[in-house]
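Note: the block below is input25.cif and it holds mmCIF, C-alpha atoms.
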```cif
data_run
#
loop_
_atom_site.group_PDB
_atom_site.id
_atom_site.type_symbol
_atom_site.label_atom_id
_atom_site.label_comp_id
_atom_site.auth_asym_id
_atom_site.auth_seq_id
_atom_site.Cartn_x
_atom_site.Cartn_y
_atom_site.Cartn_z
ATOM 1 C CA MET A 1 19.538 -8.330 -2.834
ATOM 2 C CA GLY A 2 16.790 -6.777 -4.887
ATOM 3 C CA LYS A 3 16.101 -3.159 -5.582
ATOM 4 C CA ILE A 4 14.123 -1.318 -2.895
ATOM 5 C CA GLU A 5 10.701 -0.181 -4.049
ATOM 6 C CA TRP A 6 10.249 3.007 -2.056
ATOM 7 C CA SER A 7 6.651 3.487 -3.103
ATOM 8 C CA MET A 8 5.610 0.336 -1.252
ATOM 9 C CA TRP A 9 7.141 1.697 1.962
ATOM 10 C CA ALA A 10 5.487 5.064 1.379
ATOM 11 C CA ASN A 11 2.113 3.425 0.782
ATOM 12 C CA GLU A 12 2.195 1.593 4.100
ATOM 13 C CA GLN A 13 3.517 4.687 5.891
ATOM 14 C CA ALA A 14 0.689 6.766 4.425
ATOM 15 C CA LEU A 15 -1.955 4.374 5.735
ATOM 16 C CA VAL A 16 -0.431 4.466 9.220
ATOM 17 C CA SER A 17 -0.236 8.270 8.995
ATOM 18 C CA ALA A 18 -3.897 8.425 8.021
ATOM 19 C CA ALA A 19 -4.845 6.228 10.980
ATOM 20 C CA ALA A 20 -2.847 8.394 13.408
ATOM 21 C CA THR A 21 -4.340 11.590 11.995
ATOM 22 C CA LEU A 22 -7.863 10.168 12.082
ATOM 23 C CA LEU A 23 -7.536 9.177 15.730
ATOM 24 C CA GLY A 24 -5.985 12.530 16.617
ATOM 25 C CA GLY A 25 -8.757 14.354 14.792
ATOM 26 C CA ILE A 26 -11.435 12.380 16.613
ATOM 27 C CA VAL A 27 -9.791 13.141 19.967
ATOM 28 C CA ALA A 28 -9.521 16.853 19.100
ATOM 29 C CA VAL A 29 -13.180 17.101 18.107
ATOM 30 C CA ALA A 30 -14.501 14.964 20.954
ATOM 31 C CA ALA A 31 -12.505 16.826 23.620
ATOM 32 C CA MET A 32 -13.354 20.217 22.047
ATOM 33 C CA PHE A 33 -9.741 21.405 22.010
ATOM 34 C CA ASP A 34 -9.036 25.036 21.252
ATOM 35 C CA ARG A 35 -8.933 25.220 17.454
ATOM 36 C CA TRP A 36 -10.808 21.893 17.225
ATOM 37 C CA GLN A 37 -11.508 22.769 13.589
ATOM 38 C CA PHE A 38 -8.057 21.427 12.779
ATOM 39 C CA GLY A 39 -9.281 18.118 14.185
ATOM 40 C CA VAL A 40 -12.094 18.141 11.619
ATOM 41 C CA TYR A 41 -9.472 18.882 8.973
ATOM 42 C CA GLY A 42 -7.443 15.906 10.245
ATOM 43 C CA ILE A 43 -10.443 13.581 9.920
ATOM 44 C CA VAL A 44 -11.186 14.724 6.364
ATOM 45 C CA ALA A 45 -7.515 14.574 5.345
ATOM 46 C CA ALA A 46 -7.160 11.068 6.800
ATOM 47 C CA LEU A 47 -10.180 9.797 4.878
ATOM 48 C CA PHE A 48 -8.859 11.379 1.670
ATOM 49 C CA VAL A 49 -5.443 9.760 2.162
ATOM 50 C CA PHE A 50 -7.083 6.432 2.917
ATOM 51 C CA ILE A 51 -8.986 6.524 -0.388
ATOM 52 C CA ILE A 52 -5.870 7.405 -2.371
ATOM 53 C CA GLU A 53 -3.483 5.024 -0.612
ATOM 54 C CA PHE A 54 -5.617 1.937 -0.034
ATOM 55 C CA PRO A 55 -4.960 0.365 -3.445
ATOM 56 C CA ARG A 56 -1.460 -1.002 -3.771
ATOM 57 C CA GLY A 57 0.390 -0.235 -6.961
ATOM 58 C CA LYS A 58 1.821 -2.939 -9.155
ATOM 59 C CA ARG A 59 5.280 -3.986 -8.045
ATOM 60 C CA GLN A 60 8.143 -3.998 -10.503
ATOM 61 C CA SER A 61 8.555 -7.742 -10.066
ATOM 62 C CA GLY A 62 4.878 -8.240 -10.913
ATOM 63 C CA LYS A 63 4.115 -10.138 -7.698
ATOM 64 C CA THR A 64 1.610 -7.792 -6.106
ATOM 65 C CA ILE A 65 -0.578 -8.976 -3.257
ATOM 66 C CA GLU A 66 -3.760 -6.968 -3.499
ATOM 67 C CA ARG A 67 -5.746 -5.811 -0.510
ATOM 68 C CA ARG A 68 -9.309 -6.946 -0.079
ATOM 69 C CA PHE A 69 -11.778 -4.627 -1.888
ATOM 70 C CA GLN A 70 -8.868 -2.862 -3.579
ATOM 71 C CA LYS A 71 -10.417 -2.785 -7.064
ATOM 72 C CA ILE A 72 -13.068 -0.248 -6.073
ATOM 73 C CA PHE A 73 -10.447 2.220 -4.872
ATOM 74 C CA THR A 74 -8.117 1.378 -7.767
ATOM 75 C CA HIS A 75 -10.694 2.692 -10.228
ATOM 76 C CA ILE A 76 -11.020 5.916 -8.212
ATOM 77 C CA VAL A 77 -7.251 6.463 -8.102
ATOM 78 C CA LYS A 78 -6.946 5.584 -11.795
ATOM 79 C CA LEU A 79 -9.475 8.316 -12.629
ATOM 80 C CA GLY A 80 -7.271 10.865 -10.832
ATOM 81 C CA GLY A 81 -4.727 10.733 -13.646
ATOM 82 C CA ILE A 82 -1.355 12.363 -13.070
ATOM 83 C CA VAL A 83 -2.486 13.874 -9.777
ATOM 84 C CA THR A 84 -2.781 10.450 -8.153
ATOM 85 C CA ARG A 85 -0.176 8.506 -10.157
ATOM 86 C CA ASN A 86 2.868 10.777 -9.985
ATOM 87 C CA TYR A 87 4.914 10.515 -6.792
ATOM 88 C CA PHE A 88 6.239 14.094 -7.061
ATOM 89 C CA VAL A 89 2.627 15.261 -6.829
ATOM 90 C CA ARG A 90 2.058 13.007 -3.827
ATOM 91 C CA PHE A 91 5.202 14.420 -2.208
ATOM 92 C CA VAL A 92 3.817 17.955 -2.521
ATOM 93 C CA LEU A 93 0.379 16.771 -1.379
ATOM 94 C CA TYR A 94 1.788 15.307 1.816
ATOM 95 C CA LEU A 95 3.799 18.430 2.533
ATOM 96 C CA ILE A 96 0.603 20.468 2.217
ATOM 97 C CA LEU A 97 -1.324 18.010 4.411
ATOM 98 C CA THR A 98 1.382 18.208 7.075
ATOM 99 C CA VAL A 99 1.093 21.909 7.874
ATOM 100 C CA PRO A 100 -2.466 22.168 9.313
ATOM 101 C CA CYS A 101 -2.016 18.922 11.251
ATOM 102 C CA CYS A 102 0.823 20.504 13.236
ATOM 103 C CA PHE A 103 -1.334 23.281 14.741
ATOM 104 C CA ILE A 104 -2.856 21.182 17.532
ATOM 105 C CA LEU A 105 -1.386 18.451 19.677
ATOM 106 C CA PRO A 106 -3.717 15.511 18.870
ATOM 107 C CA THR A 107 -2.963 15.608 15.140
ATOM 108 C CA LEU A 108 0.740 16.451 15.523
ATOM 109 C CA ILE A 109 1.904 12.828 15.326
ATOM 110 C CA GLY A 110 -0.167 12.302 12.181
ATOM 111 C CA GLY A 111 1.316 15.467 10.688
ATOM 112 C CA VAL A 112 4.867 14.320 11.354
ATOM 113 C CA CYS A 113 3.994 10.939 9.844
ATOM 114 C CA PHE A 114 2.644 12.728 6.752
ATOM 115 C CA LEU A 115 5.964 14.567 6.509
ATOM 116 C CA ILE A 116 7.879 11.280 6.625
ATOM 117 C CA THR A 117 5.514 9.818 4.014
ATOM 118 C CA GLY A 118 6.179 12.783 1.757
ATOM 119 C CA ILE A 119 9.940 12.307 2.092
ATOM 120 C CA ILE A 120 9.647 8.632 1.184
ATOM 121 C CA TYR A 121 7.506 9.507 -1.851
ATOM 122 C CA PHE A 122 10.137 12.066 -2.861
ATOM 123 C CA VAL A 123 12.791 9.338 -2.814
ATOM 124 C CA ALA A 124 10.482 7.079 -4.849
ATOM 125 C CA ALA A 125 9.953 9.847 -7.398
ATOM 126 C CA ILE A 126 13.696 10.464 -7.705
ATOM 127 C CA LYS A 127 14.210 6.734 -8.307
ATOM 128 C CA GLY A 128 11.727 6.933 -11.210
ATOM 129 C CA GLU A 129 8.867 4.979 -9.665
ATOM 130 C CA GLU A 130 5.247 5.616 -10.621
ATOM 131 C CA TRP A 131 1.917 4.209 -9.457
ATOM 132 C CA ILE A 132 0.600 1.560 -11.837
ATOM 133 C CA PRO A 133 -2.786 -0.037 -11.115
ATOM 134 C CA ALA A 134 -2.555 -3.646 -9.972
ATOM 135 C CA GLY A 135 -5.023 -6.376 -10.727
ATOM 136 C CA LEU A 136 -7.173 -4.665 -13.349
ATOM 137 C CA ASP A 137 -5.595 -6.301 -16.396
ATOM 138 C CA GLU A 138 -5.093 -9.743 -14.906
ATOM 139 C CA PRO A 139 -7.880 -12.308 -14.782
ATOM 140 C CA SER A 140 -9.152 -12.932 -11.301
ATOM 141 C CA HIS A 141 -8.356 -16.305 -9.813
ATOM 142 C CA GLU A 142 -11.504 -17.213 -8.003
ATOM 143 C CA GLY A 143 -11.430 -20.411 -6.038
ATOM 144 C CA PRO A 144 -8.467 -22.539 -5.091
ATOM 145 C CA THR A 145 -6.499 -24.562 -7.602
ATOM 146 C CA VAL A 146 -7.171 -28.265 -7.187
ATOM 147 C CA MET A 147 -3.972 -30.279 -7.018
ATOM 148 C CA HIS A 148 -3.442 -33.910 -6.193
ATOM 149 C CA PRO A 149 -1.414 -34.575 -3.049
ATOM 150 C CA PRO A 150 1.899 -36.410 -3.396
ATOM 151 C CA ARG A 151 1.810 -40.164 -2.947
ATOM 152 C CA HIS A 152 5.034 -40.506 -0.973
ATOM 153 C CA PRO A 153 6.302 -38.325 1.889
ATOM 154 C CA PRO A 154 9.607 -36.500 1.331
ATOM 155 C CA PRO A 155 12.246 -37.405 0.350
ATOM 156 C CA ARG A 156 10.596 -38.857 -2.710
ATOM 157 C CA ARG A 157 12.815 -41.572 -4.009
ATOM 158 C CA ALA A 158 12.103 -43.546 -7.095
ATOM 159 C CA SER A 159 10.026 -46.677 -6.622
ATOM 160 C CA PRO A 160 11.923 -49.996 -6.483
ATOM 161 C CA SER A 161 10.670 -51.108 -9.918
ATOM 162 C CA THR A 162 12.039 -47.965 -11.598
ATOM 163 C CA SER A 163 15.375 -48.160 -9.847
ATOM 164 C CA ARG A 164 15.870 -51.779 -11.045
ATOM 165 C CA GLN A 165 15.169 -50.719 -14.625
ATOM 166 C CA ASN A 166 17.757 -47.963 -14.349
ATOM 167 C CA ARG A 167 20.436 -50.405 -13.145
ATOM 168 C CA VAL A 168 19.989 -52.815 -16.036
#
```

Encoded form using structure tokens:
Amino acid sequence: MGKIEWSMWANEQALVSAAATLLGGIVAVAAMFDRWQFGVYGIVAALFVFIIEFPRGKRQSGKTIERRFQKIFTHIVKLGGIVTRNYFVRFVLYLILTVPCCFILPTLIGGVCFLITGIIYFVAAIKGEEWIPAGLDEPSHEGPTVMHPPRHPPPRRASPSTSRQNRV
């Protein structure tokens, strides 16, 4: 089995956390909960996390499947420098994002998810992983590769004329 890349798990967890926090924030603001201002905070925090986490980092194996429209956000995250690339910094960021989300019920699930995301990023940082931009250095492959279909269905055995030549 291969080595686990914790940052990939954390990236997906962060996007789910952002979605949960965004929905909780919308519910808190729309229903005018007491302390609905934390709902506004949840909406802003979710959008911020979405911008940072949307671009996938390059995998260690080099086989990274990019998301659609990822390059726009990759440039933004790349401009952030060490603040957006280092997973220790992201760990601290998610711990800070967790606290205000836990003050009202609608954003509580998103806050707990942010806490779990931070823990996963902490494990990734301990393992020595770092965010590396994917897809910026590689040429883009636009359009499908044209290949000729096989002539014979599987199993593809040698043609009778070739097999006679091999026997002689």

The PyMOL selection byres ((chain A and resi 114) around 10) - which residues does that actually catch in the file I just gave you? List them as a PDB file with C-alpha atoms, keeping the file's coordinate frame.
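Output contents, as saved in selection-v8.pdb:
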```pdb
ATOM      1  CA  ALA A  10       5.487   5.064   1.379  1.00  0.00           C
ATOM      2  CA  GLN A  13       3.517   4.687   5.891  1.00  0.00           C
ATOM      3  CA  ALA A  14       0.689   6.766   4.425  1.00  0.00           C
ATOM      4  CA  LEU A  15      -1.955   4.374   5.735  1.00  0.00           C
ATOM      5  CA  VAL A  16      -0.431   4.466   9.220  1.00  0.00           C
ATOM      6  CA  SER A  17      -0.236   8.270   8.995  1.00  0.00           C
ATOM      7  CA  ALA A  18      -3.897   8.425   8.021  1.00  0.00           C
ATOM      8  CA  ALA A  20      -2.847   8.394  13.408  1.00  0.00           C
ATOM      9  CA  THR A  21      -4.340  11.590  11.995  1.00  0.00           C
ATOM     10  CA  ALA A  46      -7.160  11.068   6.800  1.00  0.00           C
ATOM     11  CA  VAL A  49      -5.443   9.760   2.162  1.00  0.00           C
ATOM     12  CA  PHE A  91       5.202  14.420  -2.208  1.00  0.00           C
ATOM     13  CA  LEU A  93       0.379  16.771  -1.379  1.00  0.00           C
ATOM     14  CA  TYR A  94       1.788  15.307   1.816  1.00  0.00           C
ATOM     15  CA  LEU A  95       3.799  18.430   2.533  1.00  0.00           C
ATOM     16  CA  ILE A  96       0.603  20.468   2.217  1.00  0.00           C
ATOM     17  CA  LEU A  97      -1.324  18.010   4.411  1.00  0.00           C
ATOM     18  CA  THR A  98       1.382  18.208   7.075  1.00  0.00           C
ATOM     19  CA  VAL A  99       1.093  21.909   7.874  1.00  0.00           C
ATOM     20  CA  CYS A 101      -2.016  18.922  11.251  1.00  0.00           C
ATOM     21  CA  LEU A 108       0.740  16.451  15.523  1.00  0.00           C
ATOM     22  CA  ILE A 109       1.904  12.828  15.326  1.00  0.00           C
ATOM     23  CA  GLY A 110      -0.167  12.302  12.181  1.00  0.00           C
ATOM     24  CA  GLY A 111       1.316  15.467  10.688  1.00  0.00           C
ATOM     25  CA  VAL A 112       4.867  14.320  11.354  1.00  0.00           C
ATOM     26  CA  CYS A 113       3.994  10.939   9.844  1.00  0.00           C
ATOM     27  CA  LEU A 115       5.964  14.567   6.509  1.00  0.00           C
ATOM     28  CA  ILE A 116       7.879  11.280   6.625  1.00  0.00           C
ATOM     29  CA  THR A 117       5.514   9.818   4.014  1.00  0.00           C
ATOM     30  CA  GLY A 118       6.179  12.783   1.757  1.00  0.00           C
ATOM     31  CA  ILE A 119       9.940  12.307   2.092  1.00  0.00           C
ATOM     32  CA  ILE A 120       9.647   8.632   1.184  1.00  0.00           C
TER      33      ILE A 120
END
```

List the residues selected by the PyMOL selection byres ((chain A and resi 6) around 10) in the file shown, writing them as a compact mmCIF listing (two decimals) with C-alpha atoms, in the frame of the given file.
```
# COMPACT_ATOMS: atom_id res chain seq x y z
CA LYS A 3 16.10 -3.16 -5.58
CA ILE A 4 14.12 -1.32 -2.90
CA GLU A 5 10.70 -0.18 -4.05
CA SER A 7 6.65 3.49 -3.10
CA MET A 8 5.61 0.34 -1.25
CA TRP A 9 7.14 1.70 1.96
CA ALA A 10 5.49 5.06 1.38
CA ASN A 11 2.11 3.42 0.78
CA ILE A 120 9.65 8.63 1.18
CA TYR A 121 7.51 9.51 -1.85
CA PHE A 122 10.14 12.07 -2.86
CA VAL A 123 12.79 9.34 -2.81
CA ALA A 124 10.48 7.08 -4.85
CA ALA A 125 9.95 9.85 -7.40
CA ILE A 126 13.70 10.46 -7.70
CA LYS A 127 14.21 6.73 -8.31
CA GLU A 129 8.87 4.98 -9.66
```

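Coordinates place atom CA of Gly80 of chain A at a distance of 19.6 Å from atom CA of Glu66 of chain A.
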
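For Leu22 of chain A, the residues within 10 Å (counting only C-alpha atoms, excluding itself and residues fewer than 3 positions away along the chain) are Val16, Ser17, Ala18, Ala19, Gly25, Ile26, Val27, Ala28, Gly39, Val40, Tyr41, Gly42, Ile43, Val44, Ala45, Ala46, Leu47, Phe50, Pro106, Thr107 and Gly110 of chain A.
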
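Taking atom CA of Pro133 of chain A as the reference point, atom CA of Val89 of chain A is found at 16.8 Å.
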
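Between atom CA of Thr84 of chain A and atom CA of Ile52 of chain A lies a distance of 7.2 Å.
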
>> Taking all atoms listed in the file into account, name the residue in A:Gly57, A:Pro100, A:Gly62, A:Pro154 that is nearest to Arg35 of chain A.
In response: A:Pro100

>> When you count all atoms listed in the file, which of these residues is closest to Lys58 of chain A: A:Ala134, A:Phe73, A:Leu79, A:Pro153?
In response: A:Ala134

> Which of these residues is nearest to Glu130 of chain A, using only C-alpha atoms: A:Ile72, A:Ala30, A:Ile65, A:Val83?
Replying inline: A:Val83

With a distance cut-off of 10 Å and all atoms listed in the file, select the neighbouring residues of Lys71 of chain A, excluding the residue or stretch itself and same-chain residues fewer than 4 positions from it, and output the selection as a PDB file with C-alpha atoms, in the frame of the given file.
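The result, stored in result.pdb:
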```
ATOM      1  CA  PHE A  54      -5.617   1.937  -0.034  1.00  0.00           C
ATOM      2  CA  PRO A  55      -4.960   0.365  -3.445  1.00  0.00           C
ATOM      3  CA  ARG A  56      -1.460  -1.002  -3.771  1.00  0.00           C
ATOM      4  CA  GLU A  66      -3.760  -6.968  -3.499  1.00  0.00           C
ATOM      5  CA  ARG A  67      -5.746  -5.811  -0.510  1.00  0.00           C
ATOM      6  CA  HIS A  75     -10.694   2.692 -10.228  1.00  0.00           C
ATOM      7  CA  ILE A  76     -11.020   5.916  -8.212  1.00  0.00           C
ATOM      8  CA  VAL A  77      -7.251   6.463  -8.102  1.00  0.00           C
ATOM      9  CA  PRO A 133      -2.786  -0.037 -11.115  1.00  0.00           C
ATOM     10  CA  ALA A 134      -2.555  -3.646  -9.972  1.00  0.00           C
ATOM     11  CA  GLY A 135      -5.023  -6.376 -10.727  1.00  0.00           C
ATOM     12  CA  LEU A 136      -7.173  -4.665 -13.349  1.00  0.00           C
TER      13      LEU A 136
END
```

>> Given all atoms listed in the file as the basis, pick out the residue of A:Leu23, A:Ile51, A:Ile132, A:Ala158 nearest to Gly81 of chain A.
In response: A:Ile132

>> Just checking: using only C-alpha atoms, which residue out of A:Trp131, A:Phe103, A:Phe48, A:Trp36 ends up closest to Gln60 of chain A?
In response: A:Trp131

Centre, edges in Å (one decimal): axis-aligned box, segment 42-51 of chain A, 6 Å padding on all six sides, as AutoDock Vina command-line options:
```
--center_x -8.3 --center_y 11.2 --center_z 4.9 --size_x 17.7 --size_y 21.5 --size_z 22.6
```
